[in-house]
Amino acid sequence: MSFRMAHAGIDPDGAGDGAVAQWRGWHDLAARCLDHLGAADNGPGTLGLLYVTEPLAAELPAIFDHLATRTGVPHWAGAVAPAVCATGSDYFDGPAMAVMICDLPEDAFHLVRNTIADGAALAAWTALHRPSLGIVHGDPRNQSVLSMIPEFAAASGAFLVGGLTSAVAGGQIADAVTGDGLSGVLFAGDVAVATGLTQGCTPIGPVRTVTAIDGNAIAELDGRPAFEAFREDIGEVLARDLRRVAGYIHGAVPVPGSDTGDYLVRNLAALDPAQGSVSIAAELVAGDRVMFVRRDPASAVEDMQRMLDTLKRRVGAGGIRGGVYHSCIARGPHQFGPGARELTAIRETLGDFPLAGFFGNGEISHDRVYTYTGILTLFLE
């Protein structure tokens, strides 16, 4: 089992591995990737992952066909995303692509073009191979995707990773260019993997219980006016100037049963001091648990390193063959500054291995959609 990776994108300065200085069409990027991939020593590989940025969305069928023909790789999965990443690099502006070729036994994976229409074939394969992992891509424009994810996780029995793709340009690949639902690839149970999740936010107060709710507005937390509890948790400085809260403070819903303290971050939808209520972008009922979190680069860097150190201990003396990274479009340079700091941290902690992925509109881990997180998946020796 081997992995090869290549990436290319537009860089006005011509700097950076895999960069081209001027835009002469997608063929330039594809040629650069093919040069980097080179010839496989033991055949072309069996599975390709392809991620392209939104300026290449209309060309996805041609890019997919070109790479499949030139490489001889028979099976492909991928999607259009707001930004893409690869080993040590990310591309947030302009046309770019990341390609990874995996040489796996043909019966070690199964492409899923449509999680509903493929039901019979999916059931037969999962019964035989009991998948441990699924890499999935969901279209955020399709409201049904949010329910498809837990349904697919339950039907397949796999731990899902991946993300919600472009919100302005459709396009997914699962052995063909497919539609606007949920697609991807499942991996058999004997494929060794490890995954980790890093939050982009930090809790700033206790976990509270919703004790009264009025429509979408939380009226009470722990039996007190919700806005009063919110002011207490964010602290006196922020409470004096609520304009500073926007984009910095968010709501969060703890994941039931999580042994790592995971939580789903959701944006603040409204603050109503007069009514004493707080609204967050989540469907809640009385009895649900919520908390407030802050989003800042320092805590995100610290949690990223925690995830990487944990994965390094789990890998132990074994090796990493390849990996995929799915992160939030609000992370990358928007949270960490220039220099592909997330990808650099992965390389510095875990070593130099083939990696591809994208920055999307939501991150998928297990059977839930997260926001402001990074999800790293490793294929192990």
# chains A, B, ... in the order shown; residues from 1 in each chain; ligands from 1
$ residues_around --residues "A:Val278" --least-positions-apart "6" --cutoff "6 Å" --atoms "only C-alpha atoms" --output "list in words"
Ala217, Ile218, Ala226, Phe227, Ala270 and Leu271 of chain A
$ write_last_selection --atoms "N, CA and C atoms" --output "PDB file, in the first residue's frame"
ATOM      1  N   ALA A 217     -35.047  31.356  20.388  1.00  0.00           N
ATOM      2  CA  ALA A 217     -34.323  32.135  21.398  1.00  0.00           C
ATOM      3  C   ALA A 217     -34.253  31.377  22.712  1.00  0.00           C
ATOM      4  N   ILE A 218     -33.035  31.275  23.261  1.00  0.00           N
ATOM      5  CA  ILE A 218     -32.869  30.683  24.585  1.00  0.00           C
ATOM      6  C   ILE A 218     -33.267  31.735  25.607  1.00  0.00           C
ATOM      7  N   ALA A 226     -30.985  34.029  30.017  1.00  0.00           N
ATOM      8  CA  ALA A 226     -29.854  33.550  29.217  1.00  0.00           C
ATOM      9  C   ALA A 226     -28.838  34.658  28.967  1.00  0.00           C
ATOM     10  N   PHE A 227     -29.307  35.885  28.729  1.00  0.00           N
ATOM     11  CA  PHE A 227     -28.370  36.971  28.455  1.00  0.00           C
ATOM     12  C   PHE A 227     -27.511  37.287  29.678  1.00  0.00           C
ATOM     13  N   ALA A 270     -28.422  35.925  17.630  1.00  0.00           N
ATOM     14  CA  ALA A 270     -29.001  37.173  18.143  1.00  0.00           C
ATOM     15  C   ALA A 270     -28.761  37.288  19.638  1.00  0.00           C
ATOM     16  N   LEU A 271     -28.627  38.527  20.088  1.00  0.00           N
ATOM     17  CA  LEU A 271     -28.579  38.860  21.514  1.00  0.00           C
ATOM     18  C   LEU A 271     -29.693  39.879  21.777  1.00  0.00           C
TER      19      LEU A 271
END
$ residues_around --residues "stretch 232-243 of chain A" --least-positions-apart "3" --cutoff "7 Å" --atoms "only C-alpha atoms" --output "number ranges by chain"
A: 204-205, 228-229, 246
$ write_last_selection --atoms "N, CA and C atoms" --output "JSON list (two decimals), in the first residue's frame"
[["chain", "number", "residue", "atom", "x", "y", "z"],
["A", 204, "ILE", "N", -15.24, 29.20, 27.36],
["A", 204, "ILE", "CA", -14.96, 30.32, 28.25],
["A", 204, "ILE", "C", -15.85, 30.30, 29.48],
["A", 205, "GLY", "N", -16.70, 29.36, 29.59],
["A", 205, "GLY", "CA", -17.59, 29.27, 30.75],
["A", 205, "GLY", "C", -18.04, 27.85, 30.95],
["A", 228, "GLU", "N", -28.09, 37.12, 30.87],
["A", 228, "GLU", "CA", -27.34, 37.34, 32.10],
["A", 228, "GLU", "C", -26.21, 36.33, 32.21],
["A", 229, "ALA", "N", -26.52, 35.05, 31.93],
["A", 229, "ALA", "CA", -25.48, 34.02, 31.97],
["A", 229, "ALA", "C", -24.41, 34.26, 30.90],
["A", 246, "ALA", "N", -18.95, 39.90, 18.01],
["A", 246, "ALA", "CA", -19.20, 39.35, 16.68],
["A", 246, "ALA", "C", -17.96, 38.68, 16.11]]
$ residues_around --residues "A:Leu284" --least-positions-apart "2" --cutoff "12 Å" --atoms "only C-alpha atoms" --output "MDAnalysis selection string"
chainID A and resid 209:219 251:253 266 278:282 286:290
$ residues_around --residues "A:Ala124" --least-positions-apart "6" --cutoff "12 Å" --atoms "only C-alpha atoms" --output "JSON, numbers by chain"
{"A": [110, 118, 130, 131, 155, 156]}
$ write_last_selection --atoms "N, CA and C atoms" --output "mmCIF file, in the first residue's frame"
data_model
loop_
_atom_site.group_PDB
_atom_site.id
_atom_site.type_symbol
_atom_site.label_atom_id
_atom_site.label_comp_id
_atom_site.auth_asym_id
_atom_site.auth_seq_id
_atom_site.Cartn_x
_atom_site.Cartn_y
_atom_site.Cartn_z
ATOM 1 N N HIS A 110 -14.416 1.061 -1.611
ATOM 2 C CA HIS A 110 -15.667 1.014 -2.382
ATOM 3 C C HIS A 110 -16.152 2.437 -2.604
ATOM 4 N N ASP A 118 -27.225 4.042 -4.173
ATOM 5 C CA ASP A 118 -26.280 2.920 -4.143
ATOM 6 C C ASP A 118 -26.574 1.943 -3.013
ATOM 7 N N ARG A 130 -16.940 -4.778 6.163
ATOM 8 C CA ARG A 130 -17.065 -4.062 7.431
ATOM 9 C C ARG A 130 -16.136 -2.840 7.488
ATOM 10 N N PRO A 131 -16.474 -1.803 6.757
ATOM 11 C CA PRO A 131 -15.574 -0.651 6.637
ATOM 12 C C PRO A 131 -15.304 0.031 7.973
ATOM 13 N N ALA A 155 -25.713 3.321 8.274
ATOM 14 C CA ALA A 155 -25.884 2.267 7.274
ATOM 15 C C ALA A 155 -24.572 1.572 6.943
ATOM 16 N N SER A 156 -23.483 2.335 6.893
ATOM 17 C CA SER A 156 -22.190 1.760 6.510
ATOM 18 C C SER A 156 -21.429 1.181 7.698
#
$ select_by_dssp --residues "stretch 176-219 of chain A" --states "strand (DSSP E or B)" --output "JSON, numbers by chain"
{"A": [177, 178, 182, 183, 184, 185, 186, 187, 193, 194, 195, 196, 197, 198, 202, 203, 208, 209, 210, 211, 212, 213, 214, 217, 218, 219]}
$ atom_distance --atom1 "atom CA of A:Ala83" --atom2 "atom CA of A:Ser166"
8.8 Å
$ residues_around --residues "A:Tyr372" --least-positions-apart "6" --cutoff "7 Å" --atoms "only C-alpha atoms" --output "PyMOL selection string"
chain A and resi 199-200+328+330-331
$ write_last_selection --atoms "N, CA, C and O atoms" --output "PDB file, in the first residue's frame"
ATOM      1  N   GLN A 199     -10.220  21.532  17.567  1.00  0.00           N
ATOM      2  CA  GLN A 199     -11.186  22.626  17.627  1.00  0.00           C
ATOM      3  C   GLN A 199     -10.479  23.955  17.358  1.00  0.00           C
ATOM      4  O   GLN A 199      -9.312  24.133  17.708  1.00  0.00           O
ATOM      5  N   GLY A 200     -11.233  24.892  16.783  1.00  0.00           N
ATOM      6  CA  GLY A 200     -10.695  26.218  16.558  1.00  0.00           C
ATOM      7  C   GLY A 200     -11.133  27.211  17.614  1.00  0.00           C
ATOM      8  O   GLY A 200     -10.863  28.407  17.496  1.00  0.00           O
ATOM      9  N   CYS A 328     -11.679  23.928   8.103  1.00  0.00           N
ATOM     10  CA  CYS A 328     -12.712  24.937   7.882  1.00  0.00           C
ATOM     11  C   CYS A 328     -12.151  26.095   7.061  1.00  0.00           C
ATOM     12  O   CYS A 328     -11.012  26.519   7.277  1.00  0.00           O
ATOM     13  N   ALA A 330     -12.755  29.021   7.413  1.00  0.00           N
ATOM     14  CA  ALA A 330     -12.460  30.140   8.314  1.00  0.00           C
ATOM     15  C   ALA A 330     -11.137  29.952   9.054  1.00  0.00           C
ATOM     16  O   ALA A 330     -10.712  30.851   9.785  1.00  0.00           O
ATOM     17  N   ARG A 331     -10.488  28.803   8.872  1.00  0.00           N
ATOM     18  CA  ARG A 331      -9.170  28.584   9.475  1.00  0.00           C
ATOM     19  C   ARG A 331      -8.107  29.019   8.459  1.00  0.00           C
ATOM     20  O   ARG A 331      -8.256  30.058   7.835  1.00  0.00           O
TER      21      ARG A 331
END
$ closest_atom_pairs --of "stretch 170-250 of chain A" --to "stretch 50-73 of chain A" --cutoff "9 Å" --atoms "only C-alpha atoms" --output "CSV"
residue,atom,partner,partner_atom,distance
A:Gly170,CA,A:Ala57,CA,7.2
A:Gly171,CA,A:Ala57,CA,6.8
A:Gln172,CA,A:Leu60,CA,8.6
A:Ile173,CA,A:Leu50,CA,8.0
A:Ala176,CA,A:Pro61,CA,8.2
A:Val177,CA,A:Pro61,CA,6.3
$ write_last_selection --atoms "N, CA and C atoms" --output "compact mmCIF listing (two decimals), in the first residue's frame"
# COMPACT_ATOMS: atom_id res chain seq x y z
N GLY A 170 -20.96 23.49 -7.66
CA GLY A 170 -21.09 22.07 -7.36
C GLY A 170 -20.01 21.25 -8.03
N GLY A 171 -20.03 19.99 -7.76
CA GLY A 171 -19.09 19.07 -8.40
C GLY A 171 -18.42 18.15 -7.42
N GLN A 172 -18.74 16.87 -7.52
CA GLN A 172 -18.09 15.82 -6.74
C GLN A 172 -17.69 14.71 -7.70
N ILE A 173 -16.75 13.90 -7.27
CA ILE A 173 -16.29 12.77 -8.08
C ILE A 173 -16.43 11.49 -7.26
N ALA A 176 -17.10 9.02 -11.28
CA ALA A 176 -17.69 9.87 -12.32
C ALA A 176 -18.02 11.19 -11.64
N VAL A 177 -18.19 12.23 -12.42
CA VAL A 177 -18.63 13.50 -11.85
C VAL A 177 -20.09 13.35 -11.47
$ closest_atom_pairs --of "stretch 154-231 of chain A" --to "stretch 135-145 of chain A" --cutoff "8 Å" --atoms "only C-alpha atoms" --output "Markdown table"
| residue | atom | partner | partner_atom | distance |
| --- | --- | --- | --- | --- |
| A:Leu160 | CA | A:Ile135 | CA | 5.9 |
| A:Val161 | CA | A:Ile135 | CA | 5.0 |
| A:Gly162 | CA | A:Val136 | CA | 4.9 |
| A:Gly163 | CA | A:His137 | CA | 5.4 |
| A:Leu164 | CA | A:Gly138 | CA | 4.6 |
| A:Thr165 | CA | A:Asp139 | CA | 5.6 |
| A:Ser166 | CA | A:Asp139 | CA | 7.0 |
| A:Ala167 | CA | A:Pro140 | CA | 5.8 |
| A:Gly170 | CA | A:Asp139 | CA | 7.1 |
| A:Gln172 | CA | A:His137 | CA | 7.2 |
| A:Asp180 | CA | A:Asp139 | CA | 5.4 |
| A:Gly181 | CA | A:Asp139 | CA | 5.6 |
| A:Leu182 | CA | A:Gly138 | CA | 4.5 |
| A:Ser183 | CA | A:His137 | CA | 5.5 |
| A:Gly184 | CA | A:Val136 | CA | 4.2 |
| A:Val185 | CA | A:Ile135 | CA | 5.4 |
| A:Leu186 | CA | A:Ile135 | CA | 6.5 |
$ atom_distance --atom1 "atom CA of A:Gly45" --atom2 "atom CA of A:Phe379"
15.4 Å
$ select_by_dssp --residues "stretch 122-342 of chain A" --states "alpha helix (DSSP H)" --output "PyMOL selection string"
chain A and resi 122-129+145-156+226-234+236-240+297-315+333-336+341-342
$ atom_distance --atom1 "atom CA of A:Ala86" --atom2 "atom CA of A:His7"
6.5 Å
$ decode --residues "stretch 78-94 of chain A" --atoms "N, CA and C atoms" --output "PDB file, in the first residue's frame"
ATOM      1  N   GLY A  78     -13.456  12.825  -5.105  1.00  0.00           N
ATOM      2  CA  GLY A  78     -12.994  14.186  -4.922  1.00  0.00           C
ATOM      3  C   GLY A  78     -14.115  15.187  -5.006  1.00  0.00           C
ATOM      4  N   ALA A  79     -13.747  16.479  -5.088  1.00  0.00           N
ATOM      5  CA  ALA A  79     -14.761  17.522  -5.056  1.00  0.00           C
ATOM      6  C   ALA A  79     -14.158  18.881  -5.378  1.00  0.00           C
ATOM      7  N   VAL A  80     -15.042  19.843  -5.636  1.00  0.00           N
ATOM      8  CA  VAL A  80     -14.690  21.254  -5.734  1.00  0.00           C
ATOM      9  C   VAL A  80     -14.795  21.855  -4.336  1.00  0.00           C
ATOM     10  N   ALA A  81     -13.802  22.643  -3.945  1.00  0.00           N
ATOM     11  CA  ALA A  81     -13.775  23.219  -2.596  1.00  0.00           C
ATOM     12  C   ALA A  81     -13.341  24.683  -2.654  1.00  0.00           C
ATOM     13  N   PRO A  82     -13.638  25.458  -1.615  1.00  0.00           N
ATOM     14  CA  PRO A  82     -13.190  26.858  -1.587  1.00  0.00           C
ATOM     15  C   PRO A  82     -11.672  27.017  -1.608  1.00  0.00           C
ATOM     16  N   ALA A  83     -10.957  26.071  -0.993  1.00  0.00           N
ATOM     17  CA  ALA A  83      -9.494  26.104  -0.960  1.00  0.00           C
ATOM     18  C   ALA A  83      -9.014  24.670  -0.816  1.00  0.00           C
ATOM     19  N   VAL A  84      -7.785  24.399  -1.251  1.00  0.00           N
ATOM     20  CA  VAL A  84      -7.239  23.046  -1.167  1.00  0.00           C
ATOM     21  C   VAL A  84      -5.912  23.076  -0.434  1.00  0.00           C
ATOM     22  N   CYS A  85      -5.485  21.902   0.021  1.00  0.00           N
ATOM     23  CA  CYS A  85      -4.215  21.811   0.735  1.00  0.00           C
ATOM     24  C   CYS A  85      -3.505  20.528   0.366  1.00  0.00           C
ATOM     25  N   ALA A  86      -2.224  20.517   0.643  1.00  0.00           N
ATOM     26  CA  ALA A  86      -1.379  19.358   0.398  1.00  0.00           C
ATOM     27  C   ALA A  86      -0.232  19.425   1.399  1.00  0.00           C
ATOM     28  N   THR A  87       0.675  18.485   1.312  1.00  0.00           N
ATOM     29  CA  THR A  87       1.774  18.427   2.265  1.00  0.00           C
ATOM     30  C   THR A  87       2.498  19.766   2.348  1.00  0.00           C
ATOM     31  N   GLY A  88       2.381  20.432   3.494  1.00  0.00           N
ATOM     32  CA  GLY A  88       3.107  21.671   3.721  1.00  0.00           C
ATOM     33  C   GLY A  88       2.588  22.896   3.004  1.00  0.00           C
ATOM     34  N   SER A  89       1.475  22.806   2.252  1.00  0.00           N
ATOM     35  CA  SER A  89       1.017  23.932   1.441  1.00  0.00           C
ATOM     36  C   SER A  89      -0.500  24.061   1.485  1.00  0.00           C
ATOM     37  N   ASP A  90      -0.985  25.296   1.305  1.00  0.00           N
ATOM     38  CA  ASP A  90      -2.409  25.504   1.079  1.00  0.00           C
ATOM     39  C   ASP A  90      -2.594  26.550  -0.010  1.00  0.00           C
ATOM     40  N   TYR A  91      -3.760  26.511  -0.649  1.00  0.00           N
ATOM     41  CA  TYR A  91      -4.076  27.416  -1.754  1.00  0.00           C
ATOM     42  C   TYR A  91      -5.454  28.012  -1.514  1.00  0.00           C
ATOM     43  N   PHE A  92      -5.490  29.297  -1.174  1.00  0.00           N
ATOM     44  CA  PHE A  92      -6.746  29.973  -0.874  1.00  0.00           C
ATOM     45  C   PHE A  92      -7.179  30.938  -1.971  1.00  0.00           C
ATOM     46  N   ASP A  93      -6.308  31.302  -2.854  1.00  0.00           N
ATOM     47  CA  ASP A  93      -6.643  32.293  -3.873  1.00  0.00           C
ATOM     48  C   ASP A  93      -6.290  31.750  -5.250  1.00  0.00           C
ATOM     49  N   GLY A  94      -7.273  31.740  -6.136  1.00  0.00           N
ATOM     50  CA  GLY A  94      -7.015  31.353  -7.516  1.00  0.00           C
ATOM     51  C   GLY A  94      -7.122  29.869  -7.774  1.00  0.00           C
TER      52      GLY A  94
END
